[in-house]
file query.txt (compact mmCIF, C-alpha atoms)
# COMPACT_ATOMS: atom_id res chain seq x y z
CA MET X 211 0.00 0.00 0.00
CA GLY X 212 1.23 3.48 -0.90
CA PRO X 213 1.69 6.35 1.54
CA THR X 214 -1.64 7.84 0.53
CA ASP X 215 -3.58 4.76 1.67
CA SER X 216 -4.43 5.74 5.22
CA PHE X 217 -7.57 6.39 7.22
CA ASP X 218 -7.12 10.17 7.49
CA LEU X 219 -9.93 12.34 8.87
CA LEU X 220 -9.01 14.96 6.26
CA TYR X 221 -10.26 12.46 3.67
CA SER X 222 -13.49 12.14 5.64
CA LEU X 223 -13.81 15.94 5.73
CA SER X 224 -13.37 16.02 1.95
CA GLY X 225 -15.98 13.27 1.64
CA LEU X 226 -18.34 15.35 3.79
CA VAL X 227 -17.92 18.43 1.59
CA VAL X 228 -18.27 16.50 -1.66
CA GLY X 229 -21.23 14.50 -0.34
CA PHE X 230 -22.92 17.75 0.69
CA LEU X 231 -22.43 19.19 -2.81
CA ILE X 232 -23.69 15.97 -4.42
CA GLY X 233 -26.86 16.16 -2.34
CA LEU X 234 -27.19 19.88 -3.05
CA THR X 235 -26.59 19.90 -6.81
CA GLY X 236 -26.91 16.29 -8.01
CA VAL X 237 -23.57 16.56 -9.82
CA GLY X 238 -21.56 13.34 -9.66
CA GLY X 239 -18.85 12.99 -7.04
CA GLY X 240 -16.15 12.30 -9.65
CA SER X 241 -16.35 15.87 -10.89
CA LEU X 242 -15.47 17.04 -7.39
CA MET X 243 -13.60 14.27 -5.57
CA THR X 244 -11.01 13.26 -8.16
CA PRO X 245 -9.51 16.77 -8.60
CA ILE X 246 -9.45 17.19 -4.80
CA LEU X 247 -7.51 13.95 -4.38
CA VAL X 248 -5.04 14.90 -7.13
CA LEU X 249 -4.61 18.63 -6.48
CA VAL X 250 -5.00 18.81 -2.68
CA PHE X 251 -3.70 15.44 -1.47
CA GLY X 252 -1.22 14.71 -4.27
CA VAL X 253 -2.68 11.29 -5.07
CA HIS X 254 -1.52 9.68 -8.34
CA PRO X 255 -4.23 10.28 -11.00
CA ALA X 256 -4.81 6.54 -11.56
CA SER X 257 -5.24 5.92 -7.82
CA ALA X 258 -7.52 8.95 -7.50
CA VAL X 259 -9.70 7.80 -10.42
CA GLY X 260 -9.82 4.16 -9.25
CA THR X 261 -10.64 5.01 -5.64
CA ASP X 262 -13.21 7.61 -6.67
CA LEU X 263 -14.96 5.19 -9.04
CA LEU X 264 -15.71 2.84 -6.14
CA PHE X 265 -16.63 5.86 -3.98
CA ALA X 266 -19.11 6.86 -6.70
CA ALA X 267 -20.43 3.30 -7.00
CA ALA X 268 -21.22 3.18 -3.27
CA THR X 269 -23.04 6.53 -3.29
CA LYS X 270 -24.96 5.68 -6.46
CA ILE X 271 -26.10 2.33 -5.03
CA VAL X 272 -27.81 4.33 -2.28
CA GLY X 273 -29.29 6.63 -4.94
CA THR X 274 -30.51 3.61 -6.90
CA GLY X 275 -32.43 2.38 -3.87
CA ILE X 276 -34.10 5.77 -3.46
CA HIS X 277 -35.06 6.08 -7.14
CA GLY X 278 -36.22 2.46 -7.22
CA TRP X 279 -38.49 3.15 -4.23
CA LYS X 280 -39.87 6.28 -5.96
CA GLY X 281 -40.28 4.46 -9.29
CA THR X 282 -38.21 7.07 -11.15
CA ILE X 283 -36.18 4.71 -13.36
CA ASP X 284 -36.60 4.04 -17.10
CA TRP X 285 -35.02 0.60 -17.52
CA LYS X 286 -34.95 0.84 -21.32
CA ILE X 287 -32.67 3.89 -21.07
CA VAL X 288 -30.52 2.10 -18.48
CA ARG X 289 -30.14 -0.92 -20.77
CA ASN X 290 -29.26 1.14 -23.86
CA LEU X 291 -26.67 3.16 -21.92
CA ALA X 292 -25.10 0.00 -20.46
CA VAL X 293 -24.86 -1.68 -23.89
CA GLY X 294 -22.46 1.09 -24.86
CA SER X 295 -20.72 1.89 -21.56
CA VAL X 296 -19.74 -1.57 -20.30
CA PRO X 297 -17.63 -2.59 -23.33
CA ALA X 298 -16.23 0.96 -23.48
CA ALA X 299 -15.08 0.65 -19.86
CA ALA X 300 -13.38 -2.68 -20.58
CA LEU X 301 -11.60 -1.30 -23.67
CA THR X 302 -10.46 1.83 -21.80
CA LEU X 303 -9.09 -0.23 -18.89
CA TYR X 304 -7.23 -2.47 -21.34
CA PHE X 305 -5.65 0.57 -22.98
CA ILE X 306 -4.69 2.23 -19.66
CA SER X 307 -3.15 -1.00 -18.34
CA GLY X 308 -0.75 -1.03 -21.28
CA VAL X 309 0.60 2.47 -20.65
CA ASP X 310 3.70 2.90 -18.47
CA HIS X 311 3.43 4.80 -15.16
CA GLY X 312 4.89 8.10 -16.34
CA ALA X 313 2.85 8.28 -19.52
CA GLN X 314 -0.22 7.15 -17.57
CA THR X 315 0.12 10.13 -15.21
CA LYS X 316 0.34 12.60 -18.11
CA LEU X 317 -2.51 10.97 -20.05
CA LEU X 318 -4.96 10.77 -17.14
CA THR X 319 -4.11 14.30 -15.99
CA LEU X 320 -4.78 15.61 -19.50
CA ILE X 321 -8.07 13.72 -19.85
CA LEU X 322 -9.20 14.77 -16.38
CA GLY X 323 -8.44 18.44 -17.09
CA VAL X 324 -10.24 18.43 -20.44
CA VAL X 325 -13.30 16.59 -19.10
CA LEU X 326 -13.58 18.92 -16.06
CA VAL X 327 -13.59 21.99 -18.30
CA LEU X 328 -16.12 20.32 -20.63
CA VAL X 329 -18.38 19.41 -17.71
CA ALA X 330 -18.13 22.99 -16.39
CA VAL X 331 -19.24 24.40 -19.75
CA VAL X 332 -22.12 21.91 -20.07
CA LEU X 333 -23.23 22.61 -16.50
CA ALA X 334 -23.13 26.39 -16.93
CA LEU X 335 -24.95 26.33 -20.28
CA ARG X 336 -27.29 23.36 -19.68
CA PRO X 337 -30.60 25.30 -20.00
CA LEU X 338 -29.40 27.02 -23.20
CA ILE X 339 -28.03 23.78 -24.71
CA VAL X 340 -31.26 21.87 -24.04
CA ARG X 341 -33.46 24.72 -25.28
CA LEU X 342 -31.56 25.14 -28.56
CA SER X 343 -31.47 21.38 -29.19
CA LEU X 344 -35.20 21.00 -28.62
CA ASN X 345 -35.95 23.95 -30.93
CA ILE X 346 -33.89 22.28 -33.68
CA GLN X 347 -35.80 19.00 -33.13
CA ARG X 348 -39.16 20.78 -33.40
CA GLU X 349 -38.18 22.37 -36.72
CA ARG X 350 -37.12 19.04 -38.17
CA VAL X 351 -38.50 15.49 -38.10
CA PRO X 352 -38.59 14.25 -34.48
CA LEU X 353 -36.32 11.34 -33.53
CA THR X 354 -37.77 7.85 -33.84
CA GLU X 355 -37.52 5.39 -30.95
CA ARG X 356 -34.84 3.43 -32.82
CA GLN X 357 -32.81 6.60 -33.38
CA ARG X 358 -33.14 7.47 -29.68
CA ALA X 359 -31.99 3.98 -28.70
CA ILE X 360 -28.92 4.18 -30.97
CA ALA X 361 -28.07 7.68 -29.75
CA THR X 362 -28.43 6.52 -26.14
CA THR X 363 -26.03 3.61 -26.75
CA ILE X 364 -23.51 5.99 -28.36
CA LEU X 365 -23.89 8.26 -25.31
CA GLY X 366 -23.28 5.22 -23.08
CA PHE X 367 -20.10 4.34 -24.99
CA THR X 368 -18.82 7.93 -24.69
CA LEU X 369 -19.57 8.03 -20.98
CA GLY X 370 -17.92 4.64 -20.53
CA VAL X 371 -14.64 5.99 -21.94
CA LEU X 372 -14.76 9.32 -20.09
CA VAL X 373 -15.84 7.93 -16.72
CA THR X 374 -13.31 5.06 -16.80
CA ALA X 375 -10.46 7.42 -17.72
CA SER X 376 -11.40 10.28 -15.39
CA SER X 377 -14.33 9.19 -13.13
CA VAL X 378 -16.01 12.41 -14.36
CA GLY X 379 -18.90 13.12 -16.69
CA ALA X 380 -21.74 10.69 -15.99
CA GLY X 381 -23.94 13.10 -14.03
CA ALA X 382 -23.59 16.51 -15.67
CA MET X 383 -23.07 15.45 -19.29
CA GLY X 384 -25.17 12.29 -19.22
CA VAL X 385 -28.31 13.97 -17.87
CA THR X 386 -27.92 16.94 -20.25
CA ILE X 387 -27.87 14.69 -23.34
CA LEU X 388 -30.73 12.58 -21.98
CA LEU X 389 -32.80 15.78 -21.57
CA ILE X 390 -32.30 16.39 -25.30
CA LEU X 391 -33.05 12.79 -26.34
CA TYR X 392 -36.07 12.30 -24.06
CA PRO X 393 -37.80 15.70 -23.66
CA TYR X 394 -41.12 14.02 -22.85
CA LEU X 395 -39.79 12.31 -19.69
CA LYS X 396 -39.60 13.90 -16.25
CA LEU X 397 -36.20 15.10 -15.06
CA SER X 398 -36.44 12.80 -12.04
CA ASP X 399 -36.79 9.75 -14.34
CA LEU X 400 -33.73 10.79 -16.36
CA VAL X 401 -31.64 11.46 -13.25
CA GLY X 402 -32.75 8.14 -11.75
CA SER X 403 -31.91 6.24 -14.95
CA ASP X 404 -28.50 7.92 -15.16
CA ILE X 405 -27.70 7.03 -11.53
CA VAL X 406 -28.76 3.38 -11.96
CA HIS X 407 -26.70 3.05 -15.15
CA ALA X 408 -23.66 4.52 -13.36
CA VAL X 409 -23.64 1.67 -10.79
CA PRO X 410 -22.44 -1.16 -13.09
CA LEU X 411 -20.20 1.28 -15.00
CA THR X 412 -18.38 2.56 -11.90
CA LEU X 413 -18.24 -0.90 -10.32
CA ILE X 414 -16.68 -2.48 -13.43
CA ALA X 415 -14.26 0.39 -13.96
CA GLY X 416 -13.39 0.54 -10.24
CA ALA X 417 -12.81 -3.22 -10.14
CA GLY X 418 -10.45 -2.86 -13.09
CA TYR X 419 -8.40 -0.23 -11.26
CA TRP X 420 -8.43 -2.46 -8.15
CA TYR X 421 -6.99 -5.29 -10.25
CA LEU X 422 -4.29 -2.87 -11.45
CA GLY X 423 -3.48 -2.01 -7.81
CA GLU X 424 -4.70 1.58 -8.11
CA VAL X 425 -7.41 1.60 -5.42
CA LYS X 426 -6.69 2.79 -1.86
CA PRO X 427 -9.10 0.87 0.46
CA LEU X 428 -8.48 2.88 3.66
CA MET X 429 -8.80 6.17 1.80
CA LEU X 430 -12.04 4.90 0.26
CA ALA X 431 -13.43 4.00 3.70
CA ALA X 432 -12.53 7.45 5.08
CA LEU X 433 -14.18 9.20 2.11
CA LEU X 434 -17.39 7.18 2.51
CA LEU X 435 -17.52 7.90 6.25
CA GLY X 436 -17.77 11.61 5.52
CA SER X 437 -19.89 11.46 2.39
CA ILE X 438 -22.95 9.73 3.85
CA PRO X 439 -23.97 12.51 6.29
CA GLY X 440 -22.91 15.04 3.64
CA VAL X 441 -25.29 13.67 1.02
CA ILE X 442 -28.15 13.63 3.56
CA GLY X 443 -27.48 17.22 4.63
CA GLY X 444 -27.19 18.49 1.06
CA SER X 445 -30.38 16.69 0.00
CA VAL X 446 -32.30 18.33 2.85
CA LEU X 447 -31.11 21.83 1.93
CA ALA X 448 -31.36 21.40 -1.87
CA PRO X 449 -35.01 22.52 -2.24
CA ARG X 450 -34.23 25.77 -0.39
CA LEU X 451 -31.32 26.88 -2.58
CA PRO X 452 -32.11 28.02 -6.16
CA ASP X 453 -30.37 26.14 -8.98
CA GLN X 454 -29.60 29.30 -10.98
CA TYR X 455 -27.15 30.39 -8.28
CA LEU X 456 -25.59 27.03 -7.46
CA ARG X 457 -24.94 25.89 -11.04
CA PRO X 458 -22.69 28.81 -12.13
CA VAL X 459 -20.66 28.64 -8.91
CA LEU X 460 -20.10 24.90 -9.25
CA ALA X 461 -19.26 25.31 -12.95
CA ALA X 462 -16.65 27.97 -12.09
CA VAL X 463 -15.05 25.68 -9.48
CA LEU X 464 -14.89 22.75 -11.93
CA ALA X 465 -13.46 24.97 -14.68
CA ALA X 466 -10.76 26.27 -12.33
CA ALA X 467 -9.84 22.72 -11.28
CA GLY X 468 -9.75 21.57 -14.91
CA LEU X 469 -7.51 24.46 -15.99
CA LYS X 470 -5.23 23.76 -13.00
CA MET X 471 -4.91 20.13 -14.13
CA LEU X 472 -4.08 21.24 -17.67
CA PHE X 473 -1.65 24.07 -16.90

call {"tool": "encode", "arguments": {"input": "query.txt", "output": "structure tokens"}}
result
Amino acid sequence: MGPTDSFDLLYSLSGLVVGFLIGLTGVGGGSLMTPILVLVFGVHPASAVGTDLLFAAATKIVGTGIHGWKGTIDWKIVRNLAVGSVPAAALTLYFISGVDHGAQTKLLTLILGVVLVLVAVVLALRPLIVRLSLNIQRERVPLTERQRAIATTILGFTLGVLVTASSVGAGAMGVTILLILYPYLKLSDLVGSDIVHAVPLTLIAGAGYWYLGEVKPLMLAALLLGSIPGVIGGSVLAPRLPDQYLRPVLAAVLAAAGLKMLF
């Protein structure tokens, strides 16, 4: 075990903050936790991604239970996403495992920086992106169910690559594209479907990093200890804080972290 694999209460404090923001905004923990582990604690990018993937899997299993109880899951969307994301995760892990340690650090840092900036832009402009896309669809022939299914599988494949390489992107980008593909469904159903789909994706990707020796079990335990009360607290406060204020602030933080990773 490396020097970063310890049960440190600072990890739990980070888990508390990230869990609170997850509950508050619904944005996936990877967008927040991975850059904290790399930039604040100096964790190797592969170890940060691998540990965070299992951290995300644990939190999303809880979310799956909640959405299953509420009935806010579209299993057809989950299936189509998984058809693309699961093989993409396996291919990405195979590619990463063949890269030497030094090149791996540079590659994952680059991907993480780019994806963070991309997520920040999507998060900040989500209402505009969705509105413009729906206007274009109305002016043209609407998508057929088959076209939606194919587009959803392509989205799943893209998320499989991005999430496996960076642990970032499933929440912010996935839900935004689903809003465009399925405008007739409730947001809660799309969020629920995205969370359920993320469970097998993060578990498979996290297990791959564990096999490669890039998961820190004690760090993971400390992060989860803090995140559980954080998610509960953020979820309680979420209805009282307007999204139009939270989204730009979170987008700015993610953009700053992404640019720091890149430069």

call {"tool": "atom_distance", "arguments": {"input": "query.txt", "atom1": "atom CA of X:Ser216", "atom2": "atom CA of X:Met243"}}
result
16.5 Å

call {"tool": "closest_residue", "arguments": {"input": "query.txt", "among": "X:Ala256, X:Ile232, X:Ile390, X:Met429", "to": "X:Leu318", "atoms": "only C-alpha atoms"}}
result
X:Ala256

call {"tool": "residues_around", "arguments": {"input": "query.txt", "residues": "stretch 343-348 of chain X", "least_positions_apart": "6", "cutoff": "10 Å", "atoms": "only C-alpha atoms", "output": "ChimeraX atom specification"}}
result
/X:387,389-393

call {"tool": "write_last_selection", "arguments": {"input": "query.txt", "atoms": "C-alpha atoms", "output": "short mmCIF file (atom, residue, chain, number, x, y, z; two decimals), in the frame of the given file"}}
result
data_model
loop_
_atom_site.label_atom_id
_atom_site.label_comp_id
_atom_site.auth_asym_id
_atom_site.auth_seq_id
_atom_site.Cartn_x
_atom_site.Cartn_y
_atom_site.Cartn_z
CA ILE X 387 -27.87 14.69 -23.34
CA LEU X 389 -32.80 15.78 -21.57
CA ILE X 390 -32.30 16.39 -25.30
CA LEU X 391 -33.05 12.79 -26.34
CA TYR X 392 -36.07 12.30 -24.06
CA PRO X 393 -37.80 15.70 -23.66
#

call {"tool": "closest_residue", "arguments": {"input": "query.txt", "among": "X:Leu249, X:Ile306, X:Ala268, X:Leu428", "to": "X:Ala408", "atoms": "all atoms listed in the file"}}
result
X:Ala268

call {"tool": "closest_residue", "arguments": {"input": "query.txt", "among": "X:Leu397, X:Val293, X:Val371, X:Ala258", "to": "X:Ser241", "atoms": "all atoms listed in the file"}}
result
X:Ala258

call {"tool": "residues_around", "arguments": {"input": "query.txt", "residues": "X:Gly418", "least_positions_apart": "2", "cutoff": "12 Å", "atoms": "only C-alpha atoms", "output": "number ranges by chain"}}
result
X: 256-257, 259-261, 263-264, 296, 299-307, 374-375, 411-416, 420-425

call {"tool": "closest_residue", "arguments": {"input": "query.txt", "among": "X:Ile360, X:Leu226, X:Ala431, X:Leu219", "to": "X:Gly444", "atoms": "only C-alpha atoms"}}
result
X:Leu226

call {"tool": "atom_distance", "arguments": {"input": "query.txt", "atom1": "atom CA of X:Ile405", "atom2": "atom CA of X:Leu460"}}
result
19.6 Å

call {"tool": "atom_distance", "arguments": {"input": "query.txt", "atom1": "atom CA of X:Arg358", "atom2": "atom CA of X:Thr269"}}
result
28.3 Å

call {"tool": "residues_around", "arguments": {"input": "query.txt", "residues": "X:Met383", "least_positions_apart": "3", "cutoff": "8 Å", "atoms": "all atoms listed in the file", "output": "number ranges by chain"}}
result
X: 329, 332-333, 379-380, 386-387

call {"tool": "closest_residue", "arguments": {"input": "query.txt", "among": "X:His407, X:Met471, X:Leu456, X:Leu369", "to": "X:Gly252", "atoms": "all atoms listed in the file"}}
result
X:Met471

call {"tool": "residues_near_point", "arguments": {"input": "query.txt", "point": "(-28.8, 3.4, -17.1)", "cutoff": "8 Å", "atoms": "only C-alpha atoms", "output": "list in words"}}
result
Asp284, Trp285, Lys286, Ile287, Val288, Arg289, Asn290, Leu291, Ala292, Ser403, Asp404, Ile405, Val406, His407 and Ala408 of chain X

call {"tool": "closest_residue", "arguments": {"input": "query.txt", "among": "X:Ser224, X:Leu326, X:Asp262, X:Thr282", "to": "X:Leu430", "atoms": "only C-alpha atoms"}}
result
X:Asp262

call {"tool": "residues_around", "arguments": {"input": "query.txt", "residues": "X:Ser376", "least_positions_apart": "3", "cutoff": "8 Å", "atoms": "all atoms listed in the file", "output": "list in words"}}
result
Gly240, Thr244, Val259, Leu318, Ile321, Leu322, Val325, Leu372 and Val373 of chain X

call {"tool": "residues_around", "arguments": {"input": "query.txt", "residues": "X:Lys470", "least_positions_apart": "4", "cutoff": "12 Å", "atoms": "only C-alpha atoms", "output": "list in words"}}
result
Pro245, Ile246, Val248, Leu249, Val250, Thr319, Leu320, Leu322, Gly323, Val324, Leu326, Val327, Val463, Leu464, Ala465 and Ala466 of chain X
